[in-house]
Each structure stands twice: as structure tokens, then as C-alpha cells.
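Each remark here refers to the structure printed beneath this line.
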Amino acid sequence: MDGKMKQELLDVFASKLNQSVRMYMDNCARCGACIEACHVYASSPETRYTAVGRAQNLRRLFEKYHKYSGKIAPWLGEAVELDDNWMKKVYETAFTCTGCRRCMTYCPFGIDTQQFQAMAKAMLIAADMEPKVLSMLADVSVAKGENIEATKANFAEACRQLEAEVIQKWQQEAGKETIPLDVKGAHVLYVALAGKHSIIPAAAIMNAAGENWSLSYFEAVNFGAFVGNPVVTKNIAQRIIDEANRLGVREVAICECGTAYRVMRHMTGTHDFKVITFLQLIERYLRDGRIKVNKAVNNGRTTYHDPCQIARNGGVYEAPRYILSRLTDDYVDTNPTKSANWCCGGGGGLVVVGDKDFRMMSAKVKADQVRATGAKVLATGCENCHSQLSDVNEHYQLGMSVEFVSSMAANALVR
């Protein structure tokens, strides 16, 4: 590492040292309360896979470059020089962590280790060491927003090809669009993922509810958040904000994607529209009697995995449980559950990065948890979680059916 790069990385480090991060750096008592909270450590007890272990990779740089004692007598503490080898530790801080924040709920000081993760990712971007697949996907999302007029016709045609599958789940009234686009004054703008599995069930449910809705031209997932680039994160979210404002919608319903919901709901400020998860919309339809479902369609004991970004980081716990209570008479919660539920092990971009061996190793505690429920159906409300849990189901031979809550609801619709 040459001197210019080293200084650039130290400048990035310093730029992230806001008041709260400095407090976190100084206040950690190394008490160990967070250690057992991490699903990675619980699955493979190595101290480097703990919240305090990951944070220490950055705290030692803080001691060297921002503490008087570290500058004049680094040998008296744990201060380290920033070099190429230490940047490997920084990578470990960023990408052996899913950002689930379970450790934060156990910390007596409320230290937010995801801010350490954000600092580490910013340094990796500056060093050109971030996972390139995440940057590439983020750039594609931004490019789509800049060239949306050129792709609208193709997207509309792709939606028309899905209409028959939507109608199989719910016969739409004559004269109404099955998958409406560009509806000004729509009550709901639904933001899906790039796949029919995210569009068909949602369209069937909203049509069954008689909703005045419109499908967004943009995909929900925000790869800028995964890679840790706040500028790109904002640009990707802004496409949806602009579309919602242009159409004048009342609500933006984010599909089953935890990070997409958290970014839109908690990281983009206030808007003239409300941001909700699609799970909350389904719950409202059921409570208001706008849709009805048949419990007989879903067979077998069912449990639910709380997506960290929707539940622990987003506060949505009851909506999916209410939906499942209407879909089955044999529901059982995991233990622990809700805010203490174990992370699936696939968040923070790890599903996309591709180290499946690490993901499966770190998910052992999750596999043991869901196996203990005796459930045959494992439901969740997040794309990343669904992908990870499907791999976990196969790897640990759990013999479960991994399902989206929305798909279960759409399959159970009755007139």
C-alpha cells in the first residue's frame, strides 16, 4: 500500500467518525455481552466472529490514528498501522457480518456495530476491495433509472406475459388491468423484485382486494446498501421516490425484501406518501375483510423466520404472524423469536457475494432453531432470507418447504 492510498483510506476512516461512532469506540467495555448474540459465533465459536472482534479491527486503527497514546506510544496498547494485511481484517469486519443488529440488542451500551460495518465497507470501496458483483449490480440499478424511458415498453410487455398466471390465482373483473402500470392517483405503488415470483402473488392479492394500485417500473432491492455506498443507495431509492411523487400515490408497498424496506422506510426521510411492507398491506386486507383465504390450502405445522431488516431493524413483527394465523391452525413460533430471533445468515449482501460454505457454516444455529419447531413449512417475508433458508434447508436436510408469506396468501385466496 503506497502512501497516497493509505492517506485516502485514513481520510475515509476519519470521515465516518461522527459523535456516535467515537462514543462507540471509547465506550466498549469488552464485557462480552454481545458475543453469544452473533449467529456466526454461535455456529462456529471463533472470537473473530463476534461483534466486539469485528469492531476491534477498526478500534485498533482508531487507537493508532485518533488517540494521543496510540500516536506517541502505540506499543502500550493495541494500536496498529494500516497496511494491506490489515485491510483484510477490515474486509472481515464488513463481510462476515450480515448487519442483523442482534448484538446491539444485547449490548448494555447500545453500541450499533452496523456503523462499524458501514465504516469498513466505505474503506473497502476506496481501496477497490469491495465485492465487485455488488458494485456492478448497484451500477445497473442506477443506469436503469437514468434510461427508464427506453425500457418501459419491454417491461410492460413482460408484465402482459404474466397476466394468465395472475388470473389463475384470481380472475380479474372485466375491463380492469391485471397488472396496472403508470396509474396516476393510485392508492398503492407496489415495488417488486426482478422476478415473476414477486409480482404474480402480489397482483392476485391486490386485485382480489379491489385495490387501486400500480406496479413500479423499478425493482425494490438496493444493492447500494449492500455494497455500502450511501450515494448510490440514495440514487437507487430516489428512482422510486420520484415515481411515487409523479403518480401521486398514497402508499408505497415494498415487496418481501428486507433491505429495500428498511432503506425506503427508515433511511430516506419523510415523504407525501407512506412506506409499508407488503406484509402490512396483506394484514390490512385480511382485517378489513377485503380478501378471504382458505386455511385448508396450507397443510402442516408452520413457523416463521423474522427477517432482520423488517423485524429487528424495522419493527414489523405482528403483521406476518396475523396473516399466518389466518392461513393455518398449526402455527408455532421459533425460540427465541421476534427481536431475539436468529439471523438467517444471508443478509448484508452475503447471499450475492457467493461464499456458500461460510453462509452454511454460520447458519447452523438457525437450522437447529427451525428444526426444533417440528414445522413442515418455514415461511418468511424477505427474498434474501428465502434464498438463504432454501440453501439451509437443503444443506442441513431439514425437510421443510420454504415459502414466501405472500405466495401462501395468494394460493389460499377464495371468493
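Residue numbering restarts at 1 in every chain; chains get A, B, ... in the order shown in the C-alpha cells, and ligands count up from 1 in that same order.
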
Inset, instruction - Name all residues at most 7 Å from range 31-48 of chain A (count only C-alpha atoms; drop same-chain ones fewer than 3 positions away) and give them as a list in words. - result: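 Neighbouring residues, sequence-local ones excluded: Ala51, Gly53, Arg54, Arg102, Cys103, Tyr106, Cys107, Trp342, Cys343, Met361, Ser362, Ala363, Lys364 and Val365 of chain A.
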
Inset, instruction - Determine which residues of range 183-412 of chain A DSSP labels as helix (DSSP H, G or I) from the backbone of this structure, then write them out as a PyMOL selection string. - result: chain A and resi 196-208+223-227+230-247+258-266+278-287+295-297+318-327+338-340+350-353+356-362+364-371+383-395+405-411

Inset, instruction - Write out as a PyMOL selection string which residues come within 10 Å of Gly399 in chain A when counting only C-alpha atoms, dropping same-chain ones fewer than 2 positions away. - result: chain A and resi 371+375-377+393-394+396-397+401-402

Spatial neighbours of Glu78 in chain A, max dist 10 Å, only C-alpha atoms, sep filter under 6 positions, as a CSV table (one decimal) with C-alpha atoms, in the first residue's frame:
```csv
chain,number,residue,atom,x,y,z
A,56,GLN,CA,-11.8,-4.3,17.3
A,59,ARG,CA,-10.9,0.2,17.0
A,60,ARG,CA,-7.2,-0.6,16.9
A,61,LEU,CA,-6.9,1.9,13.9
A,62,PHE,CA,-8.8,4.4,15.9
A,63,GLU,CA,-6.4,4.0,18.8
A,64,LYS,CA,-3.4,4.4,16.4
A,70,GLY,CA,-1.6,5.4,20.2
```

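What separates CA of Arg30 in chain A from CA of Val52 in chain A is a distance of 6.9 Å.
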
Legend entry - Using only C-alpha atoms: which of A:Ile310, A:Cys344, A:Met136, A:Leu413 has the shortest distance to Asp391 in chain A: A:Cys344

Legend entry - Pro307 in chain A surroundings by only C-alpha atoms, 12 Å radius, close-in-sequence under 5 positions cut, as a PyMOL selection string: chain A and resi 98-102+256-262+277+279+312-317+320+337-348+379-389+404-405

Selection above as a file: N, CA and C atoms, as a compact mmCIF listing (two decimals), in the first residue's frame:
```txt
# COMPACT_ATOMS: atom_id res chain seq x y z
N THR A 98 -23.80 -9.80 8.78
CA THR A 98 -24.99 -9.56 7.97
C THR A 98 -25.68 -8.25 8.33
N GLY A 99 -25.18 -7.54 9.34
CA GLY A 99 -25.83 -6.31 9.77
C GLY A 99 -27.17 -6.54 10.43
N CYS A 100 -27.33 -7.71 11.06
CA CYS A 100 -28.64 -8.06 11.64
C CYS A 100 -28.94 -7.28 12.91
N ARG A 101 -27.91 -6.76 13.55
CA ARG A 101 -28.02 -5.95 14.77
C ARG A 101 -28.54 -6.73 15.99
N ARG A 102 -28.50 -8.03 15.96
CA ARG A 102 -28.90 -8.78 17.15
C ARG A 102 -27.98 -8.46 18.32
N GLU A 256 -41.45 -8.31 -0.45
CA GLU A 256 -40.74 -9.05 0.59
C GLU A 256 -39.22 -8.98 0.37
N CYS A 257 -38.67 -7.84 0.72
CA CYS A 257 -37.23 -7.58 0.63
C CYS A 257 -36.86 -6.69 1.80
N GLY A 258 -36.13 -7.25 2.75
CA GLY A 258 -35.86 -6.56 4.00
C GLY A 258 -35.07 -5.27 3.84
N THR A 259 -33.96 -5.33 3.11
CA THR A 259 -33.13 -4.15 2.96
C THR A 259 -33.85 -3.07 2.17
N ALA A 260 -34.60 -3.45 1.14
CA ALA A 260 -35.35 -2.46 0.36
C ALA A 260 -36.34 -1.73 1.25
N TYR A 261 -37.02 -2.45 2.13
CA TYR A 261 -37.98 -1.82 3.04
C TYR A 261 -37.27 -0.89 4.01
N ARG A 262 -36.19 -1.35 4.61
CA ARG A 262 -35.51 -0.53 5.61
C ARG A 262 -34.96 0.75 4.98
N THR A 277 -44.52 -2.33 4.34
CA THR A 277 -44.18 -3.61 3.73
C THR A 277 -45.44 -4.21 3.12
N LEU A 279 -46.34 -7.11 3.55
CA LEU A 279 -46.92 -7.90 4.63
C LEU A 279 -47.98 -7.10 5.38
N ARG A 312 -36.32 -6.86 13.40
CA ARG A 312 -35.48 -6.23 14.44
C ARG A 312 -35.10 -4.79 14.05
N ASN A 313 -34.78 -4.56 12.78
CA ASN A 313 -34.38 -3.22 12.35
C ASN A 313 -35.54 -2.39 11.82
N GLY A 314 -36.69 -3.01 11.60
CA GLY A 314 -37.82 -2.30 11.02
C GLY A 314 -39.07 -2.27 11.86
N GLY A 315 -39.13 -3.14 12.90
CA GLY A 315 -40.26 -3.11 13.83
C GLY A 315 -41.51 -3.83 13.38
N VAL A 316 -41.44 -4.60 12.29
CA VAL A 316 -42.63 -5.30 11.79
C VAL A 316 -42.59 -6.74 12.28
N TYR A 317 -43.37 -7.04 13.32
CA TYR A 317 -43.42 -8.37 13.89
C TYR A 317 -44.79 -9.03 13.75
N PRO A 320 -46.94 -10.42 9.79
CA PRO A 320 -46.83 -11.77 9.23
C PRO A 320 -47.46 -12.84 10.11
N THR A 337 -37.59 -15.71 19.51
CA THR A 337 -38.40 -15.21 18.42
C THR A 337 -38.40 -13.68 18.40
N LYS A 338 -39.03 -13.12 17.38
CA LYS A 338 -39.19 -11.67 17.20
C LYS A 338 -37.83 -10.96 17.31
N SER A 339 -37.67 -10.01 18.23
CA SER A 339 -36.44 -9.21 18.25
C SER A 339 -35.21 -10.05 18.58
N ALA A 340 -35.41 -11.21 19.19
CA ALA A 340 -34.29 -12.07 19.55
C ALA A 340 -34.08 -13.21 18.55
N ASN A 341 -34.88 -13.24 17.50
CA ASN A 341 -34.78 -14.33 16.52
C ASN A 341 -33.39 -14.35 15.89
N TRP A 342 -32.90 -15.54 15.59
CA TRP A 342 -31.59 -15.67 14.96
C TRP A 342 -31.66 -15.20 13.51
N CYS A 343 -30.62 -14.53 13.07
CA CYS A 343 -30.47 -14.15 11.66
C CYS A 343 -30.34 -15.40 10.81
N CYS A 344 -30.83 -15.33 9.57
CA CYS A 344 -30.72 -16.49 8.67
C CYS A 344 -29.30 -16.72 8.20
N GLY A 345 -28.48 -15.64 8.19
CA GLY A 345 -27.09 -15.77 7.76
C GLY A 345 -26.84 -15.32 6.34
N GLY A 346 -27.85 -14.77 5.67
CA GLY A 346 -27.67 -14.41 4.26
C GLY A 346 -27.75 -12.94 3.97
N GLY A 347 -27.96 -12.11 4.98
CA GLY A 347 -28.15 -10.68 4.75
C GLY A 347 -26.84 -9.94 4.52
N GLY A 348 -26.95 -8.61 4.37
CA GLY A 348 -25.77 -7.79 4.17
C GLY A 348 -25.07 -8.02 2.85
N ALA A 379 -41.97 -20.21 6.72
CA ALA A 379 -42.39 -19.00 5.99
C ALA A 379 -41.48 -17.84 6.34
N THR A 380 -41.30 -16.94 5.38
CA THR A 380 -40.54 -15.73 5.65
C THR A 380 -41.05 -14.62 4.75
N GLY A 381 -40.59 -13.40 5.02
CA GLY A 381 -41.06 -12.23 4.28
C GLY A 381 -39.93 -11.46 3.65
N CYS A 382 -38.87 -12.15 3.19
CA CYS A 382 -37.72 -11.48 2.61
C CYS A 382 -37.06 -12.37 1.57
N GLU A 383 -36.70 -11.78 0.44
CA GLU A 383 -36.07 -12.52 -0.65
C GLU A 383 -34.74 -13.13 -0.24
N ASN A 384 -33.85 -12.32 0.37
CA ASN A 384 -32.56 -12.85 0.81
C ASN A 384 -32.74 -14.00 1.79
N CYS A 385 -33.66 -13.81 2.74
CA CYS A 385 -33.91 -14.87 3.72
C CYS A 385 -34.42 -16.13 3.04
N HIS A 386 -35.31 -15.96 2.07
CA HIS A 386 -35.86 -17.11 1.36
C HIS A 386 -34.76 -17.88 0.64
N SER A 387 -33.85 -17.15 -0.03
CA SER A 387 -32.74 -17.79 -0.74
C SER A 387 -31.82 -18.52 0.23
N GLN A 388 -31.46 -17.82 1.32
CA GLN A 388 -30.58 -18.42 2.31
C GLN A 388 -31.22 -19.63 2.98
N LEU A 389 -32.48 -19.49 3.40
CA LEU A 389 -33.15 -20.59 4.11
C LEU A 389 -33.39 -21.77 3.20
N PHE A 404 -42.67 -17.92 0.74
CA PHE A 404 -42.97 -16.51 0.99
C PHE A 404 -44.37 -16.42 1.60
N VAL A 405 -44.55 -15.52 2.54
CA VAL A 405 -45.88 -15.33 3.14
C VAL A 405 -46.88 -14.90 2.07
```

Inset, instruction - Could you jot down the CA of Ser135 in chain A to CA of Lys196 in chain A separation for me, Å, one decimal place? - result: 24.2 Å

Inset, instruction - Write out as an MDAnalysis selection string each polymer residue whose atoms come within 12 Å of range 79-89 of chain A, counting only C-alpha atoms; drop sequence neighbours fewer than 6 positions from it. - result: chainID A and resid 1:11 13 48:49 53:73 95:96 117 120:130

Go ahead and write the selection's residues with C-alpha atoms as a tab-separated table (two decimals), in the first residue's frame.
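Once everything was written out, this is result.tsv:
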```
chain	number	residue	atom	x	y	z
A	1	MET	CA	0.00	0.00	0.00
A	2	ASP	CA	1.53	3.31	-1.07
A	3	GLY	CA	1.39	6.44	1.00
A	4	LYS	CA	-1.28	8.11	-1.13
A	5	MET	CA	-3.69	5.17	-0.80
A	6	LYS	CA	-3.01	4.89	2.92
A	7	GLN	CA	-3.86	8.54	3.46
A	8	GLU	CA	-7.01	8.23	1.35
A	9	LEU	CA	-8.20	5.28	3.45
A	10	LEU	CA	-7.40	7.11	6.68
A	11	ASP	CA	-9.40	10.10	5.39
A	13	PHE	CA	-11.98	6.36	8.20
A	48	ARG	CA	-13.11	-13.01	15.31
A	49	TYR	CA	-16.77	-13.79	14.51
A	53	GLY	CA	-13.99	-8.89	17.48
A	54	ARG	CA	-15.09	-7.25	14.24
A	55	ALA	CA	-15.24	-3.81	15.84
A	56	GLN	CA	-11.77	-4.29	17.28
A	57	ASN	CA	-10.36	-4.40	13.74
A	58	LEU	CA	-11.39	-0.75	13.42
A	59	ARG	CA	-10.95	0.25	17.05
A	60	ARG	CA	-7.22	-0.55	16.85
A	61	LEU	CA	-6.92	1.87	13.92
A	62	PHE	CA	-8.83	4.44	15.94
A	63	GLU	CA	-6.36	3.99	18.79
A	64	LYS	CA	-3.40	4.44	16.43
A	65	TYR	CA	-4.57	7.47	14.47
A	66	HIS	CA	-7.06	9.24	16.74
A	67	LYS	CA	-5.82	8.65	20.30
A	68	TYR	CA	-2.87	10.51	21.77
A	69	SER	CA	-1.49	7.39	23.46
A	70	GLY	CA	-1.58	5.43	20.21
A	71	LYS	CA	0.29	8.12	18.34
A	72	ILE	CA	3.18	8.51	20.80
A	73	ALA	CA	3.36	5.02	22.36
A	95	PHE	CA	-18.43	-9.22	5.05
A	96	THR	CA	-18.59	-11.80	7.82
A	117	GLN	CA	-19.65	-2.30	9.24
A	120	ALA	CA	-15.39	-0.86	6.90
A	121	LYS	CA	-17.37	-1.01	3.64
A	122	ALA	CA	-16.53	2.62	2.86
A	123	MET	CA	-12.83	1.86	3.28
A	124	LEU	CA	-13.11	-1.21	1.05
A	125	ILE	CA	-14.76	0.84	-1.72
A	126	ALA	CA	-11.97	3.41	-1.51
A	127	ALA	CA	-9.38	0.62	-1.70
A	128	ASP	CA	-11.20	-1.06	-4.64
A	129	MET	CA	-11.58	-4.18	-2.48
A	130	GLU	CA	-15.39	-4.40	-2.25
```

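For the atom pair formed by CA of Asn207 in chain A and CA of His305 in chain A, the distance is 27.0 Å, given to one decimal.
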
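Minimum distance to Ser198 in chain A across A:Ile254, A:Ala164, A:Leu324, A:Ala311 (counting only C-alpha atoms) occurs at A:Ile254.
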
Can you write out as a Markdown table which residues of range 90-204 of chain A fall within 7 Å of range 234-242 of chain A, alongside each residue's closest atom pair and its distance in Å to one decimal, counting only C-alpha atoms and ordering rows by chain and ascending residue number?
```
| residue | atom | partner | partner_atom | distance |
| --- | --- | --- | --- | --- |
| A:Ser141 | CA | A:Ile236 | CA | 6.4 |
| A:Val142 | CA | A:Ile236 | CA | 5.8 |
| A:Gly145 | CA | A:Arg239 | CA | 6.0 |
```

With N, CA and C atoms kept, could you save the residues just selected as a CSV table (one decimal), in the first residue's frame?
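Result file is part.csv:
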```csv
chain,number,residue,atom,x,y,z
A,141,SER,N,-28.6,-0.8,-11.5
A,141,SER,CA,-29.8,-0.2,-10.9
A,141,SER,C,-29.9,1.3,-11.2
A,142,VAL,N,-28.7,2.0,-11.0
A,142,VAL,CA,-28.6,3.4,-11.3
A,142,VAL,C,-28.9,3.7,-12.8
A,145,GLY,N,-32.4,3.6,-13.9
A,145,GLY,CA,-33.1,4.8,-13.5
A,145,GLY,C,-32.9,5.9,-14.5
```

Inset, instruction - Write out as JSON, numbers by chain the residues lying within 12 Å of Ile282 in chain A, counting only C-alpha atoms and excluding same-chain residues fewer than 6 positions away. - result: {"A": [201, 202, 203, 204, 205, 206, 207, 208, 209, 211, 253, 254, 255, 256, 276, 288, 289, 290, 291, 292, 293, 318, 319, 320, 321, 322, 323, 324, 326, 327, 381, 405, 406, 407, 408, 409, 410, 413]}

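Candidate residues A:Leu17, A:Ile167, A:Val249, A:Ala156 were compared for distance to Ala118 in chain A, and the nearest is A:Leu17, using only C-alpha atoms.
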
Inset, instruction - Return the single residue from A:Val227, A:Leu378, A:Ala372, A:Ala153 that is closest to Met119 in chain A, with distances computed using only C-alpha atoms. - result: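 When distances to Met119 in chain A are compared using only C-alpha atoms, the smallest one comes from A:Val227.
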
Inset, instruction - Could you check which of A:Thr178, A:Lys152, A:Leu134, A:Ala192 is closest to Val232 in chain A, using only C-alpha atoms? - result: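 Nearest to Val232 in chain A: A:Leu134.
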